[in-house]
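> Pasting a structure here, questions to come.
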Amino acid sequence: MLKDVFIGLSQNQLLTAAAKRYGLQLGAQSVVAGTNIEETIQTIRDLNAQGISCTIDNLGEFVAEREEATAAKNKILEAIERIHESGVNAHVSLKPTQLGLDIDYDFCYDNLYEITETASKYKMHINIDMEDYAHVQPSYDLLETLTKEFSNIGTVIQSYFYRAAEDVETHRDLRLRIVKGAYKEPVDVAFQTRQEIDENFIALAQDHLLNGKFTSIATHDHHIIEQLIDFIEANNVSHDRFEFQMLYGFRKELQRELVKRGYKVCVYVPFGDDWYAYFMRRLAERPQNLNLVVKQVFTKKTNTIIGLVAGAYALGRLTAKKRK
Ligand SMILES: Cc1cc2nc3c(=O)[nH]c(=O)nc-3n(C[C@H](O)[C@H](O)[C@H](O)COP(=O)(O)OP(=O)(O)OC[C@H]3O[C@@H](n4cnc5c(N)ncnc54)[C@H](O)[C@@H]3O)c2cc1C
């Protein structure tokens with residue numbers, strides 16, 4: 001129920017726009033590295049110093065205007081240049097809908113092409129993040145065309161989808177990030193129970209660990225992590241063929257412990273002012289993450305935003321009921 005509320009809130013355009021104006025609020029500061037690339041480079045340096053590599057994400061998604069998609073592309077290109085110049089250990093994750101997938105497929109492809117080509121000059125990896133089900137196939141189509149020319153590109157497999165095992169098989173030769181999946185998906189395309197999603201996650205990761213190019217095991221779930229470590233050690237999977245990935249600000253102790261145990265760890269570092277949808281999805285995943293919000297000092301600004309959030313949500317529910 002709470003999950004549905006936060007997923008609903010994450011898709012609210014009005015609140016997304018309001019949040020951009022207010023800057024990082026509500027506790028988002030602890031899970032978003034900053035609003036610009038310079039702050040982010042400093043965060044990457046700090047993580048690198050602990051033996052952790054990074055993948056950065058210029059926050060933003062479901063863009064409807066060409067100018068906005070072009071601006072996002074330029075910000076990502078700038079980030080690639082800054083990563084290269086500063087010599088930090090980081091690569092780039094991006095969302096096709098931020099680069100215009102909802103506007104025009106070819107326009108999005110051109111944006112992605114320019115980014116991948118620039119990154120390839122520096123041997124930098126580009127990861128295509130996976131979004132909701134409607135965007136999964138078009139995103140894999142973009143990827144398939146790009147892999148004909150570039151080898152520095154990979155993607156994500158969401159274990160809640162029934163199609164996931166087939167997608168791992170299709171993309172065997174790529175660097176893949178395995179995740180559970182962060183969006184609300186219907187029963188005709190996705191597993192609904194935690195047990196099924198977790199079991200599928202483990203099966204997909206094991207398959208790619210043994211037969212794939214490189215596996216990013218992206219979860220904060222220590223049960224899954226320990227189960228996969230047992231599998232990795234039992235099957236002598238080389239430590240340079242996989243890594244654990246976690247989101248910035250989550251389970252920092254576990255990240256450091258894994259590094260100490262000799263495993264590669266990569267942290268997903270989001271930055272930018274379009275933090276709202278990302279933050280709401282984190283609240284949807286784990287009610288305890290609400291601690292991030294309640295720990296904050298309630299300033300006038302945060303109260304205003306909370307008021308806006310509650311108001312817009314109530315309005316949304318009311319209109320939805322009327323429509324029914
Ligand atoms: C690096 C990375 C990249 C991602 N990229 C994508 C993507 O491209 N597309 C997409 O759809 N989703 C993505 N996700 C989100 C992912 O799909 C999940 O929604 C998210 O990771 C939550 O699931 P989980 O596996 O971390 O654990 P959960 O299912 O949230 O938690 C399972 C258990 O782990 C433990 N646990 C979890 N978090 C904590 C914590 N903070 N402290 C203590 N214990 C905890 C608890 O015991 C909990 O019950 C990404 C996630 C990561 C980490």
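Ordered as shown in the structure tokens, chains take letters A, B, and onward, while each chain numbers its residues from 1 and ligands are numbered from 1 in the order shown.
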Could you give me, as a ChimeraX atom specification, every polymer residue with an atom at most 9 Å away from an atom of ligand 1, counting only C-alpha atoms and all ligand atoms?
/A:55,93-95,127-132,155-160,177-183,194,197-198,201,216-224,244-252,254,266-269,281-282,284-286,288-289
> What residues in region 175-271 of chain A get the DSSP label strand (DSSP E)? Please answer as a list in words.
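After running DSSP on the backbone, region 175-271 of chain A has strand (DSSP E) at Arg175, Leu176, Arg177, Ile178, Val179, Phe214, Thr215, Ser216, Ile217, Ala218, Phe242, Glu243, Phe244, Gln245, Met246, Leu247, Val265, Cys266, Val267, Tyr268, Val269, Pro270 and Phe271 of chain A.
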> Residues at most 12 Å from Pro270 (chain A), counting only C-alpha atoms, excluding those fewer than 2 positions away in the same chain, as a short mmCIF file (atom, residue, chain, number, x, y, z; two decimals) with N, CA and C atoms, in the first residue's frame?

data_model
loop_
_atom_site.label_atom_id
_atom_site.label_comp_id
_atom_site.auth_asym_id
_atom_site.auth_seq_id
_atom_site.Cartn_x
_atom_site.Cartn_y
_atom_site.Cartn_z
N LEU A 24 17.74 20.13 -3.24
CA LEU A 24 17.66 18.87 -2.49
C LEU A 24 17.00 19.08 -1.13
N ALA A 28 16.75 13.99 0.78
CA ALA A 28 17.35 13.53 -0.48
C ALA A 28 18.86 13.79 -0.49
N GLN A 29 19.31 14.77 0.32
CA GLN A 29 20.75 15.09 0.37
C GLN A 29 21.59 13.87 0.73
N SER A 30 21.02 12.93 1.51
CA SER A 30 21.86 11.81 1.93
C SER A 30 21.92 10.70 0.89
N VAL A 31 21.10 10.78 -0.15
CA VAL A 31 21.15 9.73 -1.18
C VAL A 31 21.41 10.30 -2.59
N VAL A 32 21.57 11.62 -2.68
CA VAL A 32 21.92 12.26 -3.95
C VAL A 32 23.21 13.04 -3.70
N ALA A 33 24.20 12.86 -4.60
CA ALA A 33 25.55 13.36 -4.30
C ALA A 33 25.64 14.89 -4.34
N GLY A 34 24.78 15.53 -5.09
CA GLY A 34 24.86 16.99 -5.20
C GLY A 34 24.08 17.42 -6.41
N THR A 35 24.05 18.73 -6.66
CA THR A 35 23.27 19.17 -7.82
C THR A 35 24.16 19.41 -9.04
N ASN A 36 25.49 19.39 -8.87
CA ASN A 36 26.32 19.61 -10.06
C ASN A 36 27.48 18.62 -10.13
N ILE A 37 28.15 18.62 -11.26
CA ILE A 37 29.18 17.61 -11.51
C ILE A 37 30.40 17.80 -10.60
N GLU A 39 30.53 18.81 -7.42
CA GLU A 39 30.26 18.16 -6.11
C GLU A 39 30.34 16.65 -6.27
N THR A 40 29.86 16.17 -7.41
CA THR A 40 29.82 14.73 -7.65
C THR A 40 31.23 14.16 -7.78
N ILE A 41 32.10 14.90 -8.47
CA ILE A 41 33.50 14.44 -8.63
C ILE A 41 34.14 14.29 -7.24
N THR A 43 32.57 13.60 -4.44
CA THR A 43 32.00 12.39 -3.84
C THR A 43 32.67 11.14 -4.41
N ILE A 44 32.90 11.14 -5.72
CA ILE A 44 33.55 9.98 -6.35
C ILE A 44 34.96 9.80 -5.77
N CYS A 54 32.62 3.98 -9.12
CA CYS A 54 31.29 4.62 -9.17
C CYS A 54 30.69 4.57 -10.56
N THR A 55 29.36 4.58 -10.59
CA THR A 55 28.65 4.84 -11.83
C THR A 55 27.75 6.03 -11.54
N ILE A 56 27.84 7.07 -12.37
CA ILE A 56 27.08 8.28 -12.04
C ILE A 56 25.83 8.40 -12.90
N ASP A 57 24.83 9.03 -12.33
CA ASP A 57 23.54 9.19 -13.03
C ASP A 57 23.11 10.64 -12.94
N ASN A 58 23.05 11.31 -14.09
CA ASN A 58 22.51 12.67 -14.13
C ASN A 58 20.99 12.55 -14.03
N LEU A 59 20.43 12.83 -12.88
CA LEU A 59 19.02 12.54 -12.61
C LEU A 59 18.06 13.20 -13.61
N GLY A 60 17.03 12.47 -13.96
CA GLY A 60 16.03 13.00 -14.89
C GLY A 60 15.47 11.85 -15.71
N ILE A 76 25.49 15.13 -19.65
CA ILE A 76 26.16 13.82 -19.56
C ILE A 76 27.52 13.89 -20.27
N ALA A 79 29.85 15.58 -18.05
CA ALA A 79 30.25 14.69 -16.95
C ALA A 79 31.33 13.71 -17.42
N HIS A 91 32.10 5.48 -14.25
CA HIS A 91 31.49 5.43 -15.57
C HIS A 91 30.08 6.01 -15.48
N VAL A 92 29.31 5.88 -16.56
CA VAL A 92 28.03 6.60 -16.63
C VAL A 92 26.84 5.66 -16.78
N SER A 93 25.80 5.92 -15.98
CA SER A 93 24.51 5.25 -16.18
C SER A 93 23.53 6.30 -16.69
N LEU A 94 22.64 5.89 -17.58
CA LEU A 94 21.67 6.88 -18.11
C LEU A 94 20.34 6.23 -18.42
N LYS A 95 19.31 7.07 -18.53
CA LYS A 95 17.96 6.57 -18.82
C LYS A 95 17.52 7.04 -20.20
N MET A 246 25.73 -0.91 -5.22
CA MET A 246 24.71 -0.37 -4.31
C MET A 246 24.51 1.10 -4.61
N LEU A 247 23.40 1.61 -4.12
CA LEU A 247 23.09 3.02 -4.35
C LEU A 247 23.82 3.89 -3.32
N TYR A 248 24.20 5.08 -3.77
CA TYR A 248 24.88 6.04 -2.90
C TYR A 248 24.04 6.31 -1.64
N GLY A 249 24.70 6.22 -0.49
CA GLY A 249 24.02 6.54 0.77
C GLY A 249 23.38 5.34 1.45
N VAL A 267 29.51 2.01 -6.57
CA VAL A 267 28.35 2.73 -6.02
C VAL A 267 27.72 3.59 -7.11
N TYR A 268 26.40 3.53 -7.17
CA TYR A 268 25.61 4.30 -8.13
C TYR A 268 25.37 5.68 -7.53
N GLY A 272 22.22 16.01 -9.55
CA GLY A 272 21.37 16.90 -10.34
C GLY A 272 20.17 17.35 -9.55
N ASP A 273 19.39 18.27 -10.17
CA ASP A 273 18.25 18.81 -9.40
C ASP A 273 16.95 18.05 -9.63
N ASP A 274 16.97 17.05 -10.52
CA ASP A 274 15.74 16.30 -10.81
C ASP A 274 15.69 15.04 -9.94
N TRP A 275 15.75 15.24 -8.61
CA TRP A 275 15.95 14.15 -7.66
C TRP A 275 14.65 13.49 -7.20
N TYR A 276 13.53 14.14 -7.47
CA TYR A 276 12.28 13.78 -6.79
C TYR A 276 11.81 12.33 -7.08
N ALA A 277 11.71 11.94 -8.37
CA ALA A 277 11.18 10.61 -8.71
C ALA A 277 12.11 9.52 -8.16
N TYR A 278 13.42 9.76 -8.31
CA TYR A 278 14.41 8.80 -7.79
C TYR A 278 14.22 8.61 -6.29
N PHE A 279 14.06 9.71 -5.59
CA PHE A 279 13.93 9.65 -4.13
C PHE A 279 12.63 8.95 -3.71
#
